[in-house]
>>> print(open('query.csv').read())   # CSV, C-alpha atoms
chain,number,residue,atom,x,y,z
A,8,MET,CA,-17.6,-5.4,-13.4
A,9,PHE,CA,-17.2,-5.8,-9.7
A,10,TYR,CA,-16.2,-9.0,-7.8
A,11,ASN,CA,-18.0,-10.3,-4.8
A,12,ALA,CA,-15.7,-9.0,-2.0
A,13,ALA,CA,-17.1,-11.7,0.4
A,14,LEU,CA,-15.3,-14.4,-1.6
A,15,PHE,CA,-12.0,-13.0,-0.4
A,16,ASP,CA,-11.5,-13.7,3.3
A,17,PHE,CA,-9.0,-10.9,3.9
A,18,THR,CA,-11.6,-8.3,3.3
A,19,GLN,CA,-13.4,-9.2,6.5
A,20,GLU,CA,-10.3,-8.3,8.5
A,21,PHE,CA,-10.0,-4.9,6.9
A,22,GLU,CA,-13.7,-4.2,7.2
A,23,LYS,CA,-13.6,-5.0,10.9
A,24,ASN,CA,-10.7,-2.6,11.5
A,25,TRP,CA,-11.7,0.3,9.2
A,26,ARG,CA,-12.2,2.7,12.1
A,27,ALA,CA,-8.7,1.9,13.5
A,28,ILE,CA,-7.3,2.4,10.0
A,29,ARG,CA,-9.1,5.7,9.6
A,30,GLU,CA,-7.7,6.9,13.0
A,31,GLU,CA,-4.2,6.2,11.8
A,32,TYR,CA,-4.9,8.1,8.5
A,33,LEU,CA,-6.2,11.1,10.6
A,34,ASN,CA,-3.1,11.2,12.7
A,35,LEU,CA,-0.7,11.4,9.7
A,36,ASP,CA,1.0,14.8,9.1
A,37,ASP,CA,0.1,16.7,6.0
A,38,LYS,CA,3.6,16.8,4.5
A,39,ILE,CA,3.5,16.7,0.7
A,40,LEU,CA,6.6,15.5,-1.1
A,41,ASP,CA,8.1,17.4,-4.0
A,42,PHE,CA,7.7,14.7,-6.6
A,43,HIS,CA,4.7,12.9,-7.9
A,44,ARG,CA,3.8,9.5,-9.1
A,45,ASP,CA,4.5,10.1,-12.8
A,46,SER,CA,7.7,12.1,-12.3
A,47,VAL,CA,9.9,9.0,-11.9
A,48,PRO,CA,9.6,5.3,-12.8
A,49,TYR,CA,7.1,3.6,-10.6
A,50,GLU,CA,9.5,1.3,-8.7
A,51,GLU,CA,11.9,4.2,-8.1
A,52,TYR,CA,8.9,6.1,-6.8
A,53,ALA,CA,7.8,3.3,-4.5
A,54,TYR,CA,11.3,2.6,-3.1
A,55,GLU,CA,11.8,6.3,-2.4
A,56,LEU,CA,8.7,6.3,-0.2
A,57,LEU,CA,10.1,3.5,2.0
A,58,SER,CA,12.7,5.9,3.4
A,59,ASN,CA,11.1,9.2,2.8
A,60,ASN,CA,7.3,8.8,3.1
A,61,GLY,CA,4.6,11.3,2.8
A,62,TRP,CA,1.7,12.5,0.7
A,63,THR,CA,2.4,12.7,-3.1
A,64,TYR,CA,0.2,14.2,-5.8
A,65,SER,CA,-1.0,11.5,-8.2
A,66,TRP,CA,-1.3,11.5,-11.9
A,67,GLN,CA,-3.8,12.8,-14.5
A,68,VAL,CA,-5.2,11.1,-17.6
A,69,ASN,CA,-3.4,12.2,-20.8
A,70,SER,CA,-1.1,14.6,-18.9
A,71,SER,CA,2.4,14.5,-17.4
A,72,GLU,CA,1.3,17.2,-14.8
A,73,PRO,CA,0.5,16.2,-11.2
A,74,ASN,CA,-3.1,15.9,-10.2
A,75,TYR,CA,-3.6,18.4,-7.3
A,76,ASN,CA,-7.0,17.0,-6.5
A,77,TRP,CA,-5.8,13.4,-5.9
A,78,LEU,CA,-3.1,12.4,-3.4
A,79,THR,CA,-1.7,9.1,-2.2
A,80,TYR,CA,0.3,7.9,0.8
A,81,GLY,CA,2.3,4.7,0.6
A,82,LEU,CA,1.7,1.9,3.1
A,83,CYS,CA,3.6,-1.0,1.6
A,84,PHE,CA,5.2,-2.2,-1.6
A,85,GLN,CA,5.9,-5.9,-2.3
A,86,ASP,CA,6.0,-6.9,1.5
A,87,LEU,CA,8.2,-3.9,2.3
A,88,PHE,CA,7.1,-1.2,4.7
A,89,PRO,CA,8.2,2.5,5.1
A,90,GLN,CA,10.6,3.0,8.1
A,91,GLU,CA,7.8,5.0,9.8
A,92,ALA,CA,5.2,2.2,9.7
A,93,GLU,CA,5.4,0.9,13.3
A,94,HIS,CA,5.1,4.4,14.6
A,95,LYS,CA,2.6,6.1,12.3
A,96,PHE,CA,0.3,3.2,11.2
A,97,PRO,CA,1.0,0.1,13.3
A,98,THR,CA,-2.5,-1.4,13.1
A,99,THR,CA,-2.7,-1.0,9.3
A,100,ALA,CA,0.9,-2.3,8.9
A,101,SER,CA,0.1,-5.3,11.1
A,102,LEU,CA,-3.0,-6.2,9.1
A,103,LEU,CA,-1.1,-5.9,5.8
A,104,SER,CA,1.8,-8.0,7.1
A,105,ARG,CA,-0.5,-10.9,7.9
A,106,PHE,CA,-1.3,-11.7,4.3
A,107,HIS,CA,0.6,-13.1,1.3
A,108,GLY,CA,-0.2,-11.7,-2.1
A,109,ILE,CA,-0.4,-8.0,-1.5
A,110,ARG,CA,1.6,-6.2,-4.2
A,111,MET,CA,1.1,-2.6,-3.0
A,112,CYS,CA,-1.2,-0.6,-0.7
A,113,GLY,CA,-1.7,3.1,0.2
A,114,PHE,CA,-4.2,5.7,1.2
A,115,SER,CA,-5.9,7.5,-1.7
A,116,LEU,CA,-7.4,10.9,-1.1
A,117,MET,CA,-9.7,12.8,-3.5
A,118,LYS,CA,-10.3,16.5,-2.6
A,119,PRO,CA,-13.9,17.9,-2.4
A,120,LEU,CA,-15.9,18.1,-5.7
A,121,SER,CA,-13.3,16.3,-7.7
A,122,PHE,CA,-13.2,13.7,-10.4
A,123,ILE,CA,-10.7,11.1,-11.6
A,124,ALA,CA,-11.2,10.9,-15.4
A,125,PRO,CA,-12.0,7.6,-17.1
A,126,HIS,CA,-8.9,5.4,-17.6
A,127,SER,CA,-7.8,1.8,-17.6
A,128,HIS,CA,-4.6,-0.1,-16.9
A,129,GLY,CA,-4.0,-2.3,-19.8
A,130,ASP,CA,-0.7,-3.7,-18.5
A,131,VAL,CA,-2.2,-5.2,-15.3
A,132,GLU,CA,-1.9,-9.0,-15.2
A,133,GLU,CA,-5.1,-11.0,-15.2
A,134,ASN,CA,-4.5,-12.3,-11.6
A,135,ILE,CA,-4.0,-8.8,-10.1
A,136,LEU,CA,-7.1,-7.1,-8.7
A,137,SER,CA,-7.7,-3.7,-7.2
A,138,TYR,CA,-9.3,-3.3,-3.7
A,139,HIS,CA,-11.0,-0.2,-2.2
A,140,LEU,CA,-12.0,0.1,1.4
A,141,GLY,CA,-13.8,3.3,2.4
A,142,ILE,CA,-12.3,4.9,5.6
A,143,ASP,CA,-13.3,8.6,5.4
A,144,VAL,CA,-16.2,8.9,2.9
A,145,VAL,CA,-19.3,11.0,2.9
A,146,ALA,CA,-22.3,8.7,2.4
A,147,GLY,CA,-24.2,9.1,-0.9
A,148,LYS,CA,-21.6,11.4,-2.4
A,149,ASN,CA,-18.9,9.1,-3.6
A,150,HIS,CA,-19.1,6.6,-6.4
A,151,LEU,CA,-16.8,4.4,-8.4
A,152,TRP,CA,-17.7,3.5,-12.0
A,153,VAL,CA,-16.3,0.4,-13.6
A,154,ASN,CA,-17.2,-0.7,-17.2
A,155,GLY,CA,-20.7,0.8,-17.2
A,156,ASN,CA,-21.6,0.1,-13.5
A,157,PHE,CA,-21.6,2.4,-10.5
A,158,GLU,CA,-20.8,1.3,-7.0
A,159,GLU,CA,-21.2,3.7,-4.0
A,160,GLU,CA,-18.1,3.9,-1.8
A,161,ARG,CA,-18.9,3.9,1.9
A,162,ASN,CA,-17.0,3.7,5.2
A,163,GLY,CA,-16.1,0.1,6.0
A,164,LYS,CA,-17.2,-1.2,2.5
A,165,SER,CA,-15.0,-3.3,0.3
A,166,ILE,CA,-15.0,-3.0,-3.5
A,167,ILE,CA,-12.9,-5.2,-5.8
A,168,PHE,CA,-12.5,-4.9,-9.6
A,169,HIS,CA,-9.9,-5.5,-12.3
A,170,ALA,CA,-8.2,-2.2,-13.3
A,171,SER,CA,-7.9,-3.2,-17.0
A,172,ASN,CA,-11.6,-2.3,-17.2
A,173,GLU,CA,-12.3,1.4,-17.8
A,174,HIS,CA,-13.1,3.1,-14.5
A,175,PHE,CA,-13.4,6.5,-12.9
A,176,ALA,CA,-14.2,8.0,-9.5
A,177,ILE,CA,-16.3,11.0,-8.3
A,178,ASN,CA,-16.3,12.9,-5.1
A,179,MET,CA,-19.4,15.0,-5.0
A,180,SER,CA,-19.0,16.0,-1.3
A,181,ASP,CA,-17.6,19.1,0.3
A,182,ALA,CA,-15.0,16.9,2.2
A,183,ASN,CA,-12.1,14.8,1.3
A,184,ARG,CA,-12.8,11.2,0.2
A,185,VAL,CA,-10.2,8.8,1.6
A,186,ILE,CA,-10.0,5.0,0.9
A,187,LEU,CA,-7.4,2.3,1.5
A,188,TYR,CA,-6.3,1.2,-1.9
A,189,MET,CA,-4.6,-2.2,-2.6
A,190,GLU,CA,-3.4,-4.3,-5.5
A,191,PHE,CA,-3.4,-8.0,-4.7
A,192,ASP,CA,-2.8,-11.3,-6.5
A,193,GLN,CA,-6.0,-13.2,-6.4
A,194,THR,CA,-4.2,-16.5,-6.8
A,195,LYS,CA,-1.9,-15.9,-3.8
A,196,ILE,CA,-3.8,-13.8,-1.3
A,197,ALA,CA,-3.9,-15.8,1.9
A,198,LEU,CA,-3.3,-15.6,5.6
A,199,LYS,CA,0.3,-16.2,6.6
A,200,GLN,CA,0.8,-19.2,8.9
A,201,PRO,CA,2.0,-18.4,12.4
A,202,GLU,CA,5.2,-19.9,13.5
A,203,LYS,CA,5.6,-21.6,16.9
A,204,GLU,CA,5.1,-19.6,20.0
A,205,THR,CA,8.0,-17.8,21.7
A,206,THR,CA,9.4,-18.7,25.1
A,207,ASN,CA,8.2,-17.3,28.4
A,208,SER,CA,4.6,-18.2,27.3
A,209,ALA,CA,4.3,-14.7,25.7
A,210,LYS,CA,2.4,-16.2,22.8
A,211,LEU,CA,3.7,-13.7,20.3
A,212,LEU,CA,3.2,-14.8,16.8
A,213,THR,CA,5.4,-14.2,13.8
A,214,TYR,CA,4.3,-14.8,10.2
A,215,THR,CA,6.1,-16.4,7.3
>>> encode(input="query.csv", output="structure tokens")
Amino acid sequence: MFYNAALFDFTQEFEKNWRAIREEYLNLDDKILDFHRDSVPYEEYAYELLSNNGWTYSWQVNSSEPNYNWLTYGLCFQDLFPQEAEHKFPTTASLLSRFHGIRMCGFSLMKPLSFIAPHSHGDVEENILSYHLGIDVVAGKNHLWVNGNFEEERNGKSIIFHASNEHFAINMSDANRVILYMEFDQTKIALKQPEKETTNSAKLLTYT
């Protein structure tokens, strides 16, 4: 089951900026950290990335071993950003900081000719949805399956679903497949309201 992404206003902002987001992904270094997502509790893993960010191997279905074909790169966690954000991905961080309701976000990379096995997240709350935005995807070669339905992943395309439904992903191309992945609260996702303008008529806005 997929949601109509057009019903969520924030998706338009990310779709308009997918090329800039991809450019920031391409400029990241290829450092891979020596721990993976299932090696420590999730919150400990997320907080570690705030001060020591980099690519990490993700997890495998029915295994405690890292998935060497699937890597992630943390972008934000509960309104907190890695120390490097303003230098390494300022455009992406600026977009994320404009919205309430984002629980976490990162880049998700699948290596060529790889497969993320069917799984579901039964502990996800009803109001939390998963968002995919294609940023470096080979057309016609990447698909997401959710609860019996396939959806092609493409650059600049938004896909939204609930992760409690069984799902899997396929990269049939000879290149990496990279998306921006986000978990958000559908009851809270909204544009933050700008505070009053600063002095000197600079018109810089801050968000609350």
>>> closest_residue(input="query.csv", among="A:Ser65, A:Asn134, A:Ser70, A:Asn172", to="Phe191 in chain A", atoms="all atoms listed in the file")
A:Asn134
>>> closest_residue(input="query.csv", among="A:Tyr188, A:Phe106, A:Trp152, A:Trp62", to="Leu35 in chain A", atoms="only C-alpha atoms")
A:Trp62
>>> closest_residue(input="query.csv", among="A:Gly108, A:Pro97, A:Pro73, A:Gly141", to="Asp192 in chain A", atoms="all atoms listed in the file")
A:Gly108
>>> atom_distance(input="query.csv", atom1="CA of Glu190 in chain A", atom2="CA of Leu136 in chain A")
5.6 Å
>>> residues_around(input="query.csv", residues="Val145 in chain A", least_positions_apart="5", cutoff="9 Å", atoms="all atoms listed in the file", output="count of residues only")
10
>>> residues_around(input="query.csv", residues="Glu91 in chain A", least_positions_apart="2", cutoff="9 Å", atoms="all atoms listed in the file", output="ChimeraX atom specification")
/A:57-60,88-89,93-96
>>> atom_distance(input="query.csv", atom1="CA of Ile123 in chain A", atom2="CA of His150 in chain A")
10.9 Å
>>> closest_residue(input="query.csv", among="A:Ser115, A:Ser121, A:Gln90, A:Ser101", to="Leu78 in chain A", atoms="all atoms listed in the file")
A:Ser115
>>> closest_residue(input="query.csv", among="A:Ile196, A:Ile28, A:Ile186, A:Ile167", to="Thr98 in chain A", atoms="only C-alpha atoms")
A:Ile28
>>> atom_distance(input="query.csv", atom1="CA of Glu132 in chain A", atom2="CA of Glu72 in chain A")
26.4 Å
>>> closest_residue(input="query.csv", among="A:Leu187, A:Ala12, A:Ala27, A:Cys112", to="Ala53 in chain A", atoms="all atoms listed in the file")
A:Cys112
>>> residues_around(input="query.csv", residues="Gly113 in chain A", least_positions_apart="3", cutoff="7 Å", atoms="all atoms listed in the file", output="number ranges by chain")
A: 79-83, 187-189
>>> residues_around(input="query.csv", residues="Asp16 in chain A", least_positions_apart="2", cutoff="12 Å", atoms="all atoms listed in the file", output="PyMOL selection string")
chain A and resi 11-14+18-23+106+165+193+196-198
